[in-house]
Amino acid sequence: METNAVRFINAYNQIDQTLRAVYNFKRNITFSDMIRRAVSLNSVVRKYEDKLIDYARLRNAIIHNSNEERIIAEPHDDVVIEMERIADLVARPPLVINSIANKNVLVLDGTISLKKALETIYKTGFKSIPVCDNETIAGVINAGRIVNVLGMQVGNGINIDKFAAETAVKEVISEQDVDRVFTIKSHNLTVQEALDLFYHNRRLQAIVITKNGNNLERPIGIITTADIIDLNKVVEDYDV
């Protein structure tokens with residue numbers, strides 16, 4: 001039966017090896033320096049930065065002050081369990097599609113009117129809805145975008161009732177929105193990757209999930225900024 005020290009070191013090594021392989025960190029930088037550099041790259045490391053640096057000190061005490069006959073430090077059960085949980089989150093993070101992504105994805109046809117789109121948003125309560133044009137994901141629409149567009153028409157003295165009824169939703173979606181206010185990812189998107197996408201792009205409103213991550217496929221899931229709390233909860237409640 002493995003001792004707590006052995007289990008702890010194995011989990012430590014798993015984190016070390018995974019981060020170096022994924023982010024191409026050189027072998028000559030210390031574990032603690034690597035953790036500090038990975039904070040901007042990995043949401044799990046960002047969350048557990050302080051604990052991982054503390055655990056690095058414990059690891060050094062175990063490795064450098066022990067011998068075959070005597071282990072200088074035997075980690076408590078709760079420390080080992082947490083280290084193993086963090087290691088599993090780093091090496092095998094859960095997929096969004098298996099945790100919180102809304103799989104009952106409503107898709108709007110790009111030819112429907114702004115009025116109809118706004119009515120659908122109101123009735124469903126969905127914050128952001130993918131829009132498809134000729135079987136291609138053209139973008140994501142939300143109430144904020146529609147209100148901004150209608151506000152511009154009011155400023156220009158245009159009748160917004162007529163405008164909203166006659167303007168197709170695809171006409172207010174910009175190609176520049178891709179990877180700026182929404183992005184498309186494959187079903188292999190992890191919770192950690194999703195959190196990092198929202199962390200690095202504060203304008204990102206939605207992540208649309210398709211099988212292979214391209215706009216020619218029908219969405220099989222979607223997460224929005226409203227799901228960030230739940231994404232973090234998945235990390236907090238993750239159990240090995």
# chains A, B, ... in the order shown; residues from 1 in each chain; ligands from 1

call {"tool": "residues_around", "arguments": {"residues": "A:Arg218", "least_positions_apart": "2", "cutoff": "10 Å", "atoms": "only C-alpha atoms", "output": "NGL selection string"}}
result
:A and (105 or 107 or 130 or 132 or 135-137 or 208-211 or 213-216 or 220-221)

call {"tool": "write_last_selection", "arguments": {"atoms": "C-alpha atoms", "output": "PDB file, in the first residue's frame"}}
result
ATOM      1  CA  VAL A 105     -29.374  24.518 -27.915  1.00  0.00           C
ATOM      2  CA  VAL A 107     -30.714  28.094 -32.899  1.00  0.00           C
ATOM      3  CA  PRO A 130     -26.607  31.124 -31.957  1.00  0.00           C
ATOM      4  CA  CYS A 132     -27.366  30.141 -38.458  1.00  0.00           C
ATOM      5  CA  GLU A 135     -26.523  25.957 -42.296  1.00  0.00           C
ATOM      6  CA  THR A 136     -23.529  27.998 -41.160  1.00  0.00           C
ATOM      7  CA  ILE A 137     -23.126  29.500 -37.700  1.00  0.00           C
ATOM      8  CA  VAL A 208     -20.672  27.684 -28.969  1.00  0.00           C
ATOM      9  CA  ILE A 209     -19.750  24.005 -28.963  1.00  0.00           C
ATOM     10  CA  THR A 210     -19.906  21.825 -32.061  1.00  0.00           C
ATOM     11  CA  LYS A 211     -18.531  18.346 -32.653  1.00  0.00           C
ATOM     12  CA  GLY A 213     -15.312  23.159 -33.538  1.00  0.00           C
ATOM     13  CA  ASN A 214     -16.206  24.656 -36.897  1.00  0.00           C
ATOM     14  CA  ASN A 215     -19.078  26.865 -38.051  1.00  0.00           C
ATOM     15  CA  LEU A 216     -20.423  24.356 -40.567  1.00  0.00           C
ATOM     16  CA  ILE A 220     -24.428  20.764 -29.582  1.00  0.00           C
ATOM     17  CA  GLY A 221     -23.820  23.013 -26.574  1.00  0.00           C
TER      18      GLY A 221
END

call {"tool": "residues_around", "arguments": {"residues": "A:Glu166", "least_positions_apart": "6", "cutoff": "9 Å", "atoms": "only C-alpha atoms", "output": "list in words"}}
result
Ile112, Ser113, Leu114 and Lys115 of chain A

call {"tool": "select_by_dssp", "arguments": {"residues": "stretch 76-191 of chain A", "states": "strand (DSSP E)", "output": "PyMOL selection string"}}
result
chain A and resi 108-109+128-133+136-142+182-185

call {"tool": "closest_residue", "arguments": {"among": "A:Asp227, A:Glu171, A:Glu236, A:Asp196", "to": "A:Ala38", "atoms": "only C-alpha atoms"}}
result
A:Asp196

call {"tool": "atom_distance", "arguments": {"atom1": "atom CA of A:Val191", "atom2": "atom CA of A:Asp77"}}
result
26.6 Å

call {"tool": "select_by_dssp", "arguments": {"residues": "stretch 27-227 of chain A", "states": "alpha helix (DSSP H)", "output": "PyMOL selection string"}}
result
chain A and resi 31-38+43-47+49-64+77-91+114-124+143-155+160-166+191-200

call {"tool": "closest_residue", "arguments": {"among": "A:Ala194, A:Gly139, A:Ile15, A:Gly155", "to": "A:Glu175", "atoms": "only C-alpha atoms"}}
result
A:Gly139

call {"tool": "residues_around", "arguments": {"residues": "A:Leu19", "least_positions_apart": "2", "cutoff": "9 Å", "atoms": "only C-alpha atoms", "output": "PyMOL selection string"}}
result
chain A and resi 14-17+21-25+34-35+38+90-91

call {"tool": "closest_residue", "arguments": {"among": "A:Ile53, A:Ala87, A:Ile63, A:Ala5", "to": "A:Tyr238", "atoms": "only C-alpha atoms"}}
result
A:Ala87

call {"tool": "closest_residue", "arguments": {"among": "A:Ile160, A:Arg92, A:Phe126, A:Val6", "to": "A:Val44", "atoms": "only C-alpha atoms"}}
result
A:Arg92

call {"tool": "residues_around", "arguments": {"residues": "A:Gln205", "least_positions_apart": "4", "cutoff": "12 Å", "atoms": "only C-alpha atoms", "output": "ChimeraX atom specification"}}
result
/A:127-130,139-145,177-184,194,197-199,201,222-228

call {"tool": "write_last_selection", "arguments": {"atoms": "N, CA and C atoms", "output": "CSV table (one decimal), in the first residue's frame"}}
result
chain,number,residue,atom,x,y,z
A,127,LYS,N,-29.7,34.1,-22.6
A,127,LYS,CA,-29.0,35.3,-22.7
A,127,LYS,C,-28.4,35.5,-24.1
A,128,SER,N,-27.9,34.4,-24.7
A,128,SER,CA,-27.3,34.5,-26.0
A,128,SER,C,-27.8,33.3,-26.8
A,129,ILE,N,-28.1,33.5,-28.1
A,129,ILE,CA,-28.6,32.4,-29.0
A,129,ILE,C,-27.8,32.4,-30.3
A,130,PRO,N,-27.3,31.2,-30.7
A,130,PRO,CA,-26.6,31.1,-32.0
A,130,PRO,C,-27.5,31.4,-33.1
A,139,GLY,N,-23.2,33.7,-36.1
A,139,GLY,CA,-22.9,34.5,-34.9
A,139,GLY,C,-23.8,34.2,-33.8
A,140,VAL,N,-23.8,35.0,-32.8
A,140,VAL,CA,-24.6,34.9,-31.6
A,140,VAL,C,-25.3,36.2,-31.4
A,141,ILE,N,-26.6,36.1,-31.1
A,141,ILE,CA,-27.4,37.3,-30.9
A,141,ILE,C,-27.9,37.4,-29.4
A,142,ASN,N,-27.9,38.5,-28.9
A,142,ASN,CA,-28.5,38.7,-27.5
A,142,ASN,C,-29.3,40.0,-27.4
A,143,ALA,N,-30.0,40.2,-26.3
A,143,ALA,CA,-30.8,41.4,-26.2
A,143,ALA,C,-30.0,42.6,-26.2
A,144,GLY,N,-28.8,42.6,-25.7
A,144,GLY,CA,-28.0,43.8,-25.7
A,144,GLY,C,-27.6,44.3,-27.1
A,145,ARG,N,-27.3,43.3,-27.9
A,145,ARG,CA,-27.0,43.7,-29.3
A,145,ARG,C,-28.2,44.3,-30.0
A,177,ASP,N,-17.2,39.6,-35.0
A,177,ASP,CA,-17.7,39.1,-33.7
A,177,ASP,C,-17.0,37.7,-33.4
A,178,VAL,N,-16.5,37.0,-34.4
A,178,VAL,CA,-15.9,35.7,-34.2
A,178,VAL,C,-14.6,35.9,-33.4
A,179,ASP,N,-14.5,35.1,-32.3
A,179,ASP,CA,-13.4,35.1,-31.4
A,179,ASP,C,-13.3,36.5,-30.7
A,180,ARG,N,-14.2,37.3,-30.8
A,180,ARG,CA,-14.2,38.6,-30.1
A,180,ARG,C,-15.4,38.6,-29.1
A,181,VAL,N,-16.6,38.4,-29.5
A,181,VAL,CA,-17.7,38.3,-28.6
A,181,VAL,C,-18.3,36.9,-28.5
A,182,PHE,N,-17.9,36.1,-29.5
A,182,PHE,CA,-18.3,34.7,-29.4
A,182,PHE,C,-17.2,33.8,-30.1
A,183,THR,N,-17.1,32.6,-29.7
A,183,THR,CA,-16.2,31.7,-30.3
A,183,THR,C,-16.8,30.3,-30.5
A,184,ILE,N,-16.2,29.5,-31.3
A,184,ILE,CA,-16.7,28.1,-31.6
A,184,ILE,C,-15.6,27.2,-31.2
A,194,ALA,N,-12.4,26.7,-21.0
A,194,ALA,CA,-13.5,27.6,-21.1
A,194,ALA,C,-13.2,28.8,-20.1
A,197,LEU,N,-10.7,31.1,-21.6
A,197,LEU,CA,-11.2,31.9,-22.7
A,197,LEU,C,-11.9,33.1,-22.2
A,198,PHE,N,-12.7,32.9,-21.2
A,198,PHE,CA,-13.5,34.1,-20.6
A,198,PHE,C,-12.5,35.0,-19.8
A,199,TYR,N,-11.5,34.4,-19.2
A,199,TYR,CA,-10.5,35.2,-18.4
A,199,TYR,C,-9.7,36.1,-19.3
A,201,ASN,N,-10.4,37.1,-22.5
A,201,ASN,CA,-11.2,38.0,-23.3
A,201,ASN,C,-12.5,38.4,-22.6
A,222,ILE,N,-23.8,25.2,-25.6
A,222,ILE,CA,-23.4,26.6,-25.5
A,222,ILE,C,-23.2,27.0,-24.0
A,223,ILE,N,-22.2,27.8,-23.7
A,223,ILE,CA,-22.1,28.4,-22.4
A,223,ILE,C,-21.8,29.9,-22.6
A,224,THR,N,-22.3,30.6,-21.6
A,224,THR,CA,-22.2,32.1,-21.7
A,224,THR,C,-21.6,32.6,-20.4
A,225,THR,N,-21.4,33.9,-20.3
A,225,THR,CA,-20.8,34.5,-19.1
A,225,THR,C,-21.6,34.2,-17.9
A,226,ALA,N,-22.9,33.9,-18.1
A,226,ALA,CA,-23.7,33.6,-16.9
A,226,ALA,C,-23.3,32.2,-16.3
A,227,ASP,N,-22.6,31.4,-17.1
A,227,ASP,CA,-22.2,30.1,-16.6
A,227,ASP,C,-20.8,30.1,-15.9
A,228,ILE,N,-20.1,31.2,-15.8
A,228,ILE,CA,-18.8,31.3,-15.2
A,228,ILE,C,-18.8,30.8,-13.8

call {"tool": "closest_residue", "arguments": {"among": "A:Leu106, A:Met152, A:Leu189, A:Ala138", "to": "A:Gln176", "atoms": "only C-alpha atoms"}}
result
A:Ala138

call {"tool": "residues_around", "arguments": {"residues": "stretch 83-85 of chain A", "least_positions_apart": "5", "cutoff": "8 Å", "atoms": "only C-alpha atoms", "output": "tab-separated table (two decimals) with C-alpha atoms, in the first residue's frame"}}
result
chain	number	residue	atom	x	y	z
A	7	ARG	CA	0.98	9.43	-3.22
A	8	PHE	CA	1.78	13.08	-2.66
A	11	ALA	CA	0.54	13.78	-7.69
A	12	TYR	CA	3.22	16.48	-7.58
A	238	TYR	CA	-14.35	18.14	-8.59
A	239	ASP	CA	-13.79	14.73	-7.05
A	240	VAL	CA	-11.13	12.27	-8.18

call {"tool": "atom_distance", "arguments": {"atom1": "atom CA of A:Asn60", "atom2": "atom CA of A:Ser32"}}
result
11.1 Å
